[in-house]
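Engineer: Structure file protein_5.pdb (PDB, N, CA and C atoms) right here:
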ATOM      1  N   MET A1364      84.173 108.615  77.985  1.00  0.00           N
ATOM      2  CA  MET A1364      83.796 109.291  79.215  1.00  0.00           C
ATOM      3  C   MET A1364      84.258 108.451  80.400  1.00  0.00           C
ATOM      4  N   SER A1365      84.963 109.052  81.346  1.00  0.00           N
ATOM      5  CA  SER A1365      85.447 108.312  82.508  1.00  0.00           C
ATOM      6  C   SER A1365      84.640 108.681  83.741  1.00  0.00           C
ATOM      7  N   ASP A1366      84.342 107.682  84.519  1.00  0.00           N
ATOM      8  CA  ASP A1366      83.608 107.906  85.761  1.00  0.00           C
ATOM      9  C   ASP A1366      84.607 108.176  86.875  1.00  0.00           C
ATOM     10  N   VAL A1367      84.385 109.243  87.608  1.00  0.00           N
ATOM     11  CA  VAL A1367      85.247 109.591  88.732  1.00  0.00           C
ATOM     12  C   VAL A1367      84.535 109.171  90.003  1.00  0.00           C
ATOM     13  N   THR A1368      85.190 108.315  90.781  1.00  0.00           N
ATOM     14  CA  THR A1368      84.618 107.860  92.046  1.00  0.00           C
ATOM     15  C   THR A1368      85.124 108.766  93.159  1.00  0.00           C
ATOM     16  N   THR A1369      84.198 109.272  93.934  1.00  0.00           N
ATOM     17  CA  THR A1369      84.534 110.134  95.062  1.00  0.00           C
ATOM     18  C   THR A1369      83.993 109.501  96.335  1.00  0.00           C
ATOM     19  N   VAL A1370      84.827 109.479  97.365  1.00  0.00           N
ATOM     20  CA  VAL A1370      84.420 108.971  98.678  1.00  0.00           C
ATOM     21  C   VAL A1370      84.660 110.067  99.709  1.00  0.00           C
ATOM     22  N   ASN A1371      84.034 109.948 100.850  1.00  0.00           N
ATOM     23  CA  ASN A1371      84.257 110.899 101.935  1.00  0.00           C
ATOM     24  C   ASN A1371      85.360 110.389 102.847  1.00  0.00           C
ATOM     25  N   CYS A1372      86.252 111.274 103.246  1.00  0.00           N
ATOM     26  CA  CYS A1372      87.318 110.928 104.182  1.00  0.00           C
ATOM     27  C   CYS A1372      86.678 110.414 105.472  1.00  0.00           C
ATOM     28  N   PRO A1373      87.080 109.239 105.966  1.00  0.00           N
ATOM     29  CA  PRO A1373      86.483 108.693 107.185  1.00  0.00           C
ATOM     30  C   PRO A1373      86.735 109.546 108.428  1.00  0.00           C
ATOM     31  N   THR A1374      87.765 110.392 108.390  1.00  0.00           N
ATOM     32  CA  THR A1374      88.102 111.192 109.562  1.00  0.00           C
ATOM     33  C   THR A1374      87.387 112.530 109.566  1.00  0.00           C
ATOM     34  N   CYS A1375      87.478 113.272 108.455  1.00  0.00           N
ATOM     35  CA  CYS A1375      86.913 114.639 108.450  1.00  0.00           C
ATOM     36  C   CYS A1375      85.701 114.794 107.543  1.00  0.00           C
ATOM     37  N   GLY A1376      85.440 113.821 106.675  1.00  0.00           N
ATOM     38  CA  GLY A1376      84.270 113.877 105.806  1.00  0.00           C
ATOM     39  C   GLY A1376      84.485 114.626 104.499  1.00  0.00           C
ATOM     40  N   LYS A1377      85.673 115.134 104.256  1.00  0.00           N
ATOM     41  CA  LYS A1377      85.982 115.873 103.036  1.00  0.00           C
ATOM     42  C   LYS A1377      85.952 114.915 101.841  1.00  0.00           C
ATOM     43  N   PRO A1378      85.428 115.355 100.679  1.00  0.00           N
ATOM     44  CA  PRO A1378      85.410 114.474  99.508  1.00  0.00           C
ATOM     45  C   PRO A1378      86.820 114.177  98.993  1.00  0.00           C
ATOM     46  N   VAL A1379      87.046 112.911  98.617  1.00  0.00           N
ATOM     47  CA  VAL A1379      88.340 112.456  98.122  1.00  0.00           C
ATOM     48  C   VAL A1379      88.110 111.712  96.815  1.00  0.00           C
ATOM     49  N   ILE A1380      88.859 112.069  95.788  1.00  0.00           N
ATOM     50  CA  ILE A1380      88.783 111.342  94.519  1.00  0.00           C
ATOM     51  C   ILE A1380      89.537 110.032  94.678  1.00  0.00           C
ATOM     52  N   TRP A1381      88.879 108.923  94.313  1.00  0.00           N
ATOM     53  CA  TRP A1381      89.492 107.605  94.436  1.00  0.00           C
ATOM     54  C   TRP A1381      90.309 107.352  93.182  1.00  0.00           C
ATOM     55  N   GLY A1382      91.608 107.646  93.288  1.00  0.00           N
ATOM     56  CA  GLY A1382      92.487 107.451  92.140  1.00  0.00           C
ATOM     57  C   GLY A1382      93.926 107.729  92.519  1.00  0.00           C
ATOM     58  N   GLU A1383      94.797 107.621  91.535  1.00  0.00           N
ATOM     59  CA  GLU A1383      96.227 107.798  91.754  1.00  0.00           C
ATOM     60  C   GLU A1383      96.584 109.189  92.282  1.00  0.00           C
ATOM     61  N   GLN A1384      95.762 110.192  91.987  1.00  0.00           N
ATOM     62  CA  GLN A1384      96.054 111.550  92.448  1.00  0.00           C
ATOM     63  C   GLN A1384      95.776 111.734  93.941  1.00  0.00           C
ATOM     64  N   SER A1385      95.222 110.724  94.595  1.00  0.00           N
ATOM     65  CA  SER A1385      94.939 110.769  96.032  1.00  0.00           C
ATOM     66  C   SER A1385      95.715 109.647  96.726  1.00  0.00           C
ATOM     67  N   PRO A1386      96.980 109.877  97.072  1.00  0.00           N
ATOM     68  CA  PRO A1386      97.822 108.797  97.609  1.00  0.00           C
ATOM     69  C   PRO A1386      97.412 108.291  98.989  1.00  0.00           C
ATOM     70  N   PHE A1387      96.602 109.050  99.732  1.00  0.00           N
ATOM     71  CA  PHE A1387      96.203 108.629 101.076  1.00  0.00           C
ATOM     72  C   PHE A1387      94.778 108.078 101.117  1.00  0.00           C
ATOM     73  N   ARG A1388      94.204 107.818  99.943  1.00  0.00           N
ATOM     74  CA  ARG A1388      92.812 107.366  99.900  1.00  0.00           C
ATOM     75  C   ARG A1388      92.586 106.160 100.783  1.00  0.00           C
ATOM     76  N   PRO A1389      91.523 106.056 101.493  1.00  0.00           N
ATOM     77  CA  PRO A1389      90.330 106.877 101.439  1.00  0.00           C
ATOM     78  C   PRO A1389      90.425 108.177 102.246  1.00  0.00           C
ATOM     79  N   PHE A1390      91.575 108.458 102.803  1.00  0.00           N
ATOM     80  CA  PHE A1390      91.758 109.676 103.598  1.00  0.00           C
ATOM     81  C   PHE A1390      92.157 110.825 102.681  1.00  0.00           C
ATOM     82  N   CYS A1391      91.857 112.059 103.100  1.00  0.00           N
ATOM     83  CA  CYS A1391      92.181 113.221 102.270  1.00  0.00           C
ATOM     84  C   CYS A1391      93.645 113.626 102.409  1.00  0.00           C
ATOM     85  N   CYS A1392      94.286 113.282 103.527  1.00  0.00           N
ATOM     86  CA  CYS A1392      95.668 113.694 103.744  1.00  0.00           C
ATOM     87  C   CYS A1392      96.331 112.761 104.773  1.00  0.00           C
ATOM     88  N   LYS A1393      97.628 112.905 104.915  1.00  0.00           N
ATOM     89  CA  LYS A1393      98.395 112.087 105.860  1.00  0.00           C
ATOM     90  C   LYS A1393      97.912 112.307 107.293  1.00  0.00           C
ATOM     91  N   ARG A1394      97.558 113.547 107.629  1.00  0.00           N
ATOM     92  CA  ARG A1394      97.086 113.871 108.984  1.00  0.00           C
ATOM     93  C   ARG A1394      95.853 113.042 109.347  1.00  0.00           C
ATOM     94  N   CYS A1395      94.864 113.006 108.448  1.00  0.00           N
ATOM     95  CA  CYS A1395      93.647 112.225 108.728  1.00  0.00           C
ATOM     96  C   CYS A1395      93.960 110.735 108.815  1.00  0.00           C
ATOM     97  N   GLN A1396      94.889 110.263 107.993  1.00  0.00           N
ATOM     98  CA  GLN A1396      95.298 108.865 108.035  1.00  0.00           C
ATOM     99  C   GLN A1396      95.910 108.527 109.396  1.00  0.00           C
ATOM    100  N   LEU A1397      96.763 109.410 109.913  1.00  0.00           N
ATOM    101  CA  LEU A1397      97.416 109.171 111.205  1.00  0.00           C
ATOM    102  C   LEU A1397      96.440 109.288 112.366  1.00  0.00           C
ATOM    103  N   ILE A1398      95.467 110.173 112.266  1.00  0.00           N
ATOM    104  CA  ILE A1398      94.435 110.270 113.307  1.00  0.00           C
ATOM    105  C   ILE A1398      93.684 108.942 113.404  1.00  0.00           C
ATOM    106  N   ASP A1399      93.298 108.387 112.259  1.00  0.00           N
ATOM    107  CA  ASP A1399      92.584 107.112 112.240  1.00  0.00           C
ATOM    108  C   ASP A1399      93.450 105.982 112.797  1.00  0.00           C
ATOM    109  N   LEU A1400      94.715 105.941 112.396  1.00  0.00           N
ATOM    110  CA  LEU A1400      95.631 104.923 112.909  1.00  0.00           C
ATOM    111  C   LEU A1400      95.758 105.025 114.430  1.00  0.00           C
ATOM    112  N   GLY A1401      95.856 106.234 114.944  1.00  0.00           N
ATOM    113  CA  GLY A1401      95.955 106.439 116.388  1.00  0.00           C
ATOM    114  C   GLY A1401      94.724 105.954 117.129  1.00  0.00           C
ATOM    115  N   GLU A1402      93.550 106.150 116.530  1.00  0.00           N
ATOM    116  CA  GLU A1402      92.314 105.673 117.160  1.00  0.00           C
ATOM    117  C   GLU A1402      92.281 104.150 117.232  1.00  0.00           C
ATOM    118  N   TRP A1403      92.766 103.483 116.178  1.00  0.00           N
ATOM    119  CA  TRP A1403      92.838 102.019 116.207  1.00  0.00           C
ATOM    120  C   TRP A1403      93.861 101.553 117.234  1.00  0.00           C
ATOM    121  N   ALA A1404      95.017 102.221 117.279  1.00  0.00           N
ATOM    122  CA  ALA A1404      96.084 101.828 118.203  1.00  0.00           C
ATOM    123  C   ALA A1404      95.652 102.012 119.659  1.00  0.00           C
ATOM    124  N   ALA A1405      94.853 103.041 119.923  1.00  0.00           N
ATOM    125  CA  ALA A1405      94.370 103.293 121.277  1.00  0.00           C
ATOM    126  C   ALA A1405      93.122 102.466 121.600  1.00  0.00           C
ATOM    127  N   GLU A1406      92.731 101.602 120.665  1.00  0.00           N
ATOM    128  CA  GLU A1406      91.551 100.736 120.796  1.00  0.00           C
ATOM    129  C   GLU A1406      90.267 101.522 120.972  1.00  0.00           C
ATOM    130  N   GLU A1407      90.221 102.741 120.405  1.00  0.00           N
ATOM    131  CA  GLU A1407      88.979 103.504 120.381  1.00  0.00           C
ATOM    132  C   GLU A1407      88.046 102.952 119.313  1.00  0.00           C
ATOM    133  N   LYS A1408      88.622 102.284 118.313  1.00  0.00           N
ATOM    134  CA  LYS A1408      87.856 101.618 117.267  1.00  0.00           C
ATOM    135  C   LYS A1408      88.173 100.146 117.348  1.00  0.00           C
ATOM    136  N   ARG A1409      87.206  99.321 117.027  1.00  0.00           N
ATOM    137  CA  ARG A1409      87.432  97.877 116.995  1.00  0.00           C
ATOM    138  C   ARG A1409      86.397  97.231 116.099  1.00  0.00           C
ATOM    139  N   ILE A1410      86.722  96.056 115.603  1.00  0.00           N
ATOM    140  CA  ILE A1410      85.814  95.284 114.775  1.00  0.00           C
ATOM    141  C   ILE A1410      85.037  94.372 115.705  1.00  0.00           C
ATOM    142  N   PRO A1411      83.709  94.480 115.707  1.00  0.00           N
ATOM    143  CA  PRO A1411      82.918  93.642 116.607  1.00  0.00           C
ATOM    144  C   PRO A1411      83.022  92.165 116.233  1.00  0.00           C
ATOM    145  N   SER A1412      82.991  91.323 117.239  1.00  0.00           N
ATOM    146  CA  SER A1412      83.017  89.886 116.992  1.00  0.00           C
ATOM    147  C   SER A1412      82.005  89.211 117.899  1.00  0.00           C
ATOM    148  N   GLU A1413      81.649  88.005 117.499  1.00  0.00           N
ATOM    149  CA  GLU A1413      80.718  87.224 118.302  1.00  0.00           C
ATOM    150  C   GLU A1413      81.452  86.119 119.043  1.00  0.00           C
ATOM    151  N   GLY A1414      82.766  86.143 118.989  1.00  0.00           N
ATOM    152  CA  GLY A1414      83.569  85.108 119.637  1.00  0.00           C
ATOM    153  C   GLY A1414      83.460  85.183 121.145  1.00  0.00           C
ATOM    154  N   GLY A1415      83.762  84.083 121.789  1.00  0.00           N
ATOM    155  CA  GLY A1415      83.669  84.013 123.232  1.00  0.00           C
ATOM    156  C   GLY A1415      84.960  84.371 123.941  1.00  0.00           C
ATOM    157  N   LEU A1416      85.963  84.853 123.226  1.00  0.00           N
ATOM    158  CA  LEU A1416      87.235  85.184 123.859  1.00  0.00           C
ATOM    159  C   LEU A1416      87.200  86.577 124.466  1.00  0.00           C
ATOM    160  N   SER A1417      87.845  86.709 125.591  1.00  0.00           N
ATOM    161  CA  SER A1417      87.974  88.023 126.215  1.00  0.00           C
ATOM    162  C   SER A1417      89.450  88.275 126.504  1.00  0.00           C
ATOM    163  N   ASP A1418      89.774  89.464 126.963  1.00  0.00           N
ATOM    164  CA  ASP A1418      91.164  89.800 127.258  1.00  0.00           C
ATOM    165  C   ASP A1418      91.748  88.928 128.371  1.00  0.00           C
ATOM    166  N   SER A1419      90.899  88.379 129.226  1.00  0.00           N
ATOM    167  CA  SER A1419      91.389  87.592 130.352  1.00  0.00           C
ATOM    168  C   SER A1419      91.652  86.129 129.982  1.00  0.00           C
ATOM    169  N   ASP A1420      91.209  85.691 128.803  1.00  0.00           N
ATOM    170  CA  ASP A1420      91.449  84.312 128.378  1.00  0.00           C
ATOM    171  C   ASP A1420      92.920  84.115 128.045  1.00  0.00           C
ATOM    172  N   ASP A1421      93.420  82.939 128.359  1.00  0.00           N
ATOM    173  CA  ASP A1421      94.811  82.605 128.049  1.00  0.00           C
ATOM    174  C   ASP A1421      94.887  82.010 126.648  1.00  0.00           C
ATOM    175  N   TRP A1422      94.519  82.785 125.663  1.00  0.00           N
ATOM    176  CA  TRP A1422      94.474  82.323 124.294  1.00  0.00           C
ATOM    177  C   TRP A1422      95.747  82.697 123.567  1.00  0.00           C
ATOM    178  N   SER A1423      96.191  81.809 122.727  1.00  0.00           N
ATOM    179  CA  SER A1423      97.392  82.057 121.915  1.00  0.00           C
ATOM    180  C   SER A1423      97.248  81.346 120.596  1.00  0.00           C
ATOM    181  N   GLU A1424      97.834  81.901 119.547  1.00  0.00           N
ATOM    182  CA  GLU A1424      97.808  81.245 118.248  1.00  0.00           C
ATOM    183  C   GLU A1424      98.642  79.964 118.268  1.00  0.00           C
ATOM    184  N   ASP A1425      99.531  79.837 119.255  1.00  0.00           N
ATOM    185  CA  ASP A1425     100.400  78.674 119.332  1.00  0.00           C
ATOM    186  C   ASP A1425      99.703  77.456 119.946  1.00  0.00           C
ATOM    187  N   GLN A1426      98.560  77.669 120.603  1.00  0.00           N
ATOM    188  CA  GLN A1426      97.870  76.551 121.251  1.00  0.00           C
ATOM    189  C   GLN A1426      97.227  75.669 120.199  1.00  0.00           C
ATOM    190  N   GLN A1427      97.249  74.376 120.429  1.00  0.00           N
ATOM    191  CA  GLN A1427      96.639  73.403 119.545  1.00  0.00           C
ATOM    192  C   GLN A1427      95.253  73.046 120.082  1.00  0.00           C
ATOM    193  N   PRO A1428      94.271  72.813 119.200  1.00  0.00           N
ATOM    194  CA  PRO A1428      92.907  72.452 119.659  1.00  0.00           C
ATOM    195  C   PRO A1428      92.849  71.091 120.300  1.00  0.00           C
TER
END
Before anything else, please render the file you have as structure tokens.
Structural biologist:
Amino acid sequence: MSDVTTVNCPTCGKPVIWGEQSPFRPFCCKRCQLIDLGEWAAEEKRIPSEGGLSDSDDWSEDQQP
């Protein structure tokens, strides 16, 4: 007996089978995947942080501590 894992599409909420038959998982389709990507690119979504850096800081990965 095989267990089928189903998740909800983060964009539209439609159920998606988590497996090879769902190439855009966790999204139900390419359209929902691109909608989510666009929201990240437009900074409508972001990962919260507790860091003290802001957009106005002159921070760079090249700076040495």
Engineer: Taking the file as shown, find all residues satisfying the PyMOL selection byres ((chain A and resi 1374) around 8) and write them as a VMD selection string.
Structural biologist: chain A and resid 1371 to 1373 1375 to 1377 1389 to 1391 1394 to 1396 1398 to 1399
Engineer: Please measure the separation of atom CA of A:Asp1366 and atom CA of A:Trp1381, giving the value in Å to one decimal.
Structural biologist: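 Atom CA of A:Trp1381 lies at a distance of 10.5 Å from atom CA of A:Asp1366.
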Engineer: Report the distance between atom C of A:Gly1401 and atom C of A:Pro1378 in Å, rounded to one decimal place.
Structural biologist: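 Separating atom C of A:Gly1401 from atom C of A:Pro1378 is a distance of 21.4 Å.
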Engineer: Take every atom of stretch 1380-1383 of chain A listed in the file, fit an axis-aligned box around them, add 5 Å per side, and give the centre and edge lengths in Å to one decimal as JSON.
Structural biologist:
{"center_x": 92.7, "center_y": 109.7, "center_z": 93.7, "size_x": 17.8, "size_y": 14.7, "size_z": 14.3}
Engineer: Counting only C-alpha atoms, which residue out of A:Glu1413, A:Ser1385, A:Ala1404, A:Lys1393 sits closest to A:Val1370?
Structural biologist: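 Closest to A:Val1370 of all the choices is A:Ser1385.
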Engineer: Would you work out the distance separating atom CA of A:Ile1380 from atom CA of A:Leu1397, expressed in Å to one decimal?
Structural biologist: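 We find that atom CA of A:Ile1380 and atom CA of A:Leu1397 lie 18.9 Å from each other.
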